[in-house]
Each structure stands twice: as structure tokens, then as C-alpha cells.
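Structure first, commentary second.
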Amino acid sequence: MKTLDMLKPGERGFVAGITAEGAMKRHFLDMGITTGVPITLERVAPFGDPVAVRVRGYSLSLRREEAKKIRLQ
């Protein structure tokens with residue numbers, strides 16, 4: 001299964017699920033990252049971390065380890 005960290009800049013996917021648990025999962029949900037929502041990888045920092053994504057009309061920065069916990073369709 002593909003995860004958010006596997007996307008290239010400009011690619012888009014739909015959230016299929018979140019593998020994180022506890023506070024991290026709640027944090028993703030609070031940011032609007034929920035099942036079925038489209039998410040686009042906008043850019044990657046020069047050393048690969050963090051990544052900038054676009055979700056629900058706003059930009060968001062995530063660490064690469066966080067992005068690995070977001071599964072895509």
C-alpha cells in the first residue's frame with residue numbers, strides 16, 4: 001500500500017487510513033487528515049524532511065516519519 005511519503009512533488013492521493021495511534025492520530029484528525037480527503041504533496045525540503053502537503057485548501061508541513069503513517073488509495 002502506498003503512503004504519503006512515497007508521493008513525488010505534485011502528485012495527489014486520497015487518504016485511505018492512518019496507521020498512527022493515540023495522540024499522533026488525534027493530531028492528524030485535528031488537522032483535517034481524514035479518510036477519503038484528497039491530499040497533494042507540494043514540495044520536499046532539500047534534505048528530504050519535512051514535506052509540505054496541501055489538504056482541505058491549506059498547506060501543512062509534516063515530518064517524513066509522520067507522512068509514513070498516512071496510507072493512500
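Just remember, in the C-alpha cells the first chain shown is A, the second B, etc., residues are 1-based per chain, and ligands are 1-based in the order shown.
DSSP secondary structure from the backbone places Gly22, Ala23, Met24, Lys25, Arg26, His27, Phe28, Leu29, Asp30, Arg64, Glu65, Glu66 and Ala67 of chain A of chain A in alpha helix (DSSP H).
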Mind writing the picked residues with N, CA, C and O atoms as an mmCIF file, in the first residue's frame?
```cif
data_model
loop_
_atom_site.group_PDB
_atom_site.id
_atom_site.type_symbol
_atom_site.label_atom_id
_atom_site.label_comp_id
_atom_site.auth_asym_id
_atom_site.auth_seq_id
_atom_site.Cartn_x
_atom_site.Cartn_y
_atom_site.Cartn_z
ATOM 1 N N GLY A 22 -3.145 6.915 19.168
ATOM 2 C CA GLY A 22 -3.077 7.842 20.290
ATOM 3 C C GLY A 22 -3.057 9.299 19.886
ATOM 4 O O GLY A 22 -3.806 9.741 19.013
ATOM 5 N N ALA A 23 -2.151 10.048 20.517
ATOM 6 C CA ALA A 23 -2.081 11.494 20.321
ATOM 7 C C ALA A 23 -1.731 11.875 18.881
ATOM 8 O O ALA A 23 -2.254 12.868 18.360
ATOM 9 N N MET A 24 -0.869 11.090 18.234
ATOM 10 C CA MET A 24 -0.496 11.417 16.856
ATOM 11 C C MET A 24 -1.704 11.271 15.921
ATOM 12 O O MET A 24 -1.934 12.111 15.056
ATOM 13 N N LYS A 25 -2.494 10.218 16.102
ATOM 14 C CA LYS A 25 -3.685 10.040 15.274
ATOM 15 C C LYS A 25 -4.657 11.191 15.504
ATOM 16 O O LYS A 25 -5.210 11.745 14.563
ATOM 17 N N ARG A 26 -4.848 11.582 16.750
ATOM 18 C CA ARG A 26 -5.736 12.704 17.083
ATOM 19 C C ARG A 26 -5.232 13.979 16.427
ATOM 20 O O ARG A 26 -6.010 14.790 15.926
ATOM 21 N N HIS A 27 -3.908 14.173 16.414
ATOM 22 C CA HIS A 27 -3.298 15.344 15.793
ATOM 23 C C HIS A 27 -3.609 15.390 14.294
ATOM 24 O O HIS A 27 -3.986 16.437 13.763
ATOM 25 N N PHE A 28 -3.468 14.250 13.606
ATOM 26 C CA PHE A 28 -3.802 14.189 12.182
ATOM 27 C C PHE A 28 -5.276 14.520 11.953
ATOM 28 O O PHE A 28 -5.621 15.274 11.044
ATOM 29 N N LEU A 29 -6.144 13.947 12.753
ATOM 30 C CA LEU A 29 -7.582 14.200 12.608
ATOM 31 C C LEU A 29 -7.905 15.670 12.847
ATOM 32 O O LEU A 29 -8.712 16.255 12.129
ATOM 33 N N ASP A 30 -7.263 16.272 13.836
ATOM 34 C CA ASP A 30 -7.481 17.694 14.124
ATOM 35 C C ASP A 30 -7.033 18.588 12.971
ATOM 36 O O ASP A 30 -7.584 19.657 12.758
ATOM 37 N N ARG A 64 8.807 13.411 7.670
ATOM 38 C CA ARG A 64 8.729 12.230 6.810
ATOM 39 C C ARG A 64 8.202 11.027 7.605
ATOM 40 O O ARG A 64 7.416 10.244 7.092
ATOM 41 N N GLU A 65 8.600 10.870 8.857
ATOM 42 C CA GLU A 65 8.113 9.763 9.692
ATOM 43 C C GLU A 65 6.604 9.857 9.912
ATOM 44 O O GLU A 65 5.915 8.843 9.991
ATOM 45 N N GLU A 66 6.079 11.070 10.017
ATOM 46 C CA GLU A 66 4.628 11.255 10.153
ATOM 47 C C GLU A 66 3.926 10.894 8.850
ATOM 48 O O GLU A 66 2.881 10.256 8.851
ATOM 49 N N ALA A 67 4.516 11.310 7.724
ATOM 50 C CA ALA A 67 3.922 11.040 6.413
ATOM 51 C C ALA A 67 3.831 9.537 6.134
ATOM 52 O O ALA A 67 2.917 9.085 5.448
#
```
Subject >> Contact residues around stretch 6-17 of chain A with only C-alpha atoms at 7 Å, ignoring same-chain residues under 6 positions, as a ChimeraX atom specification >> reply: /A:34-43,70-73
Original post:
So what do you get for atom CA of A:Val55 versus atom CA of A:Gly32, distance-wise?
Top reply: 7.4 Å
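Residue neighbourhood of A:Asp49, excluding near-sequence residues (fewer than 4 positions): Val44, Ala45, Arg63 and Arg64 of chain A, at 7 Å, using only C-alpha atoms.
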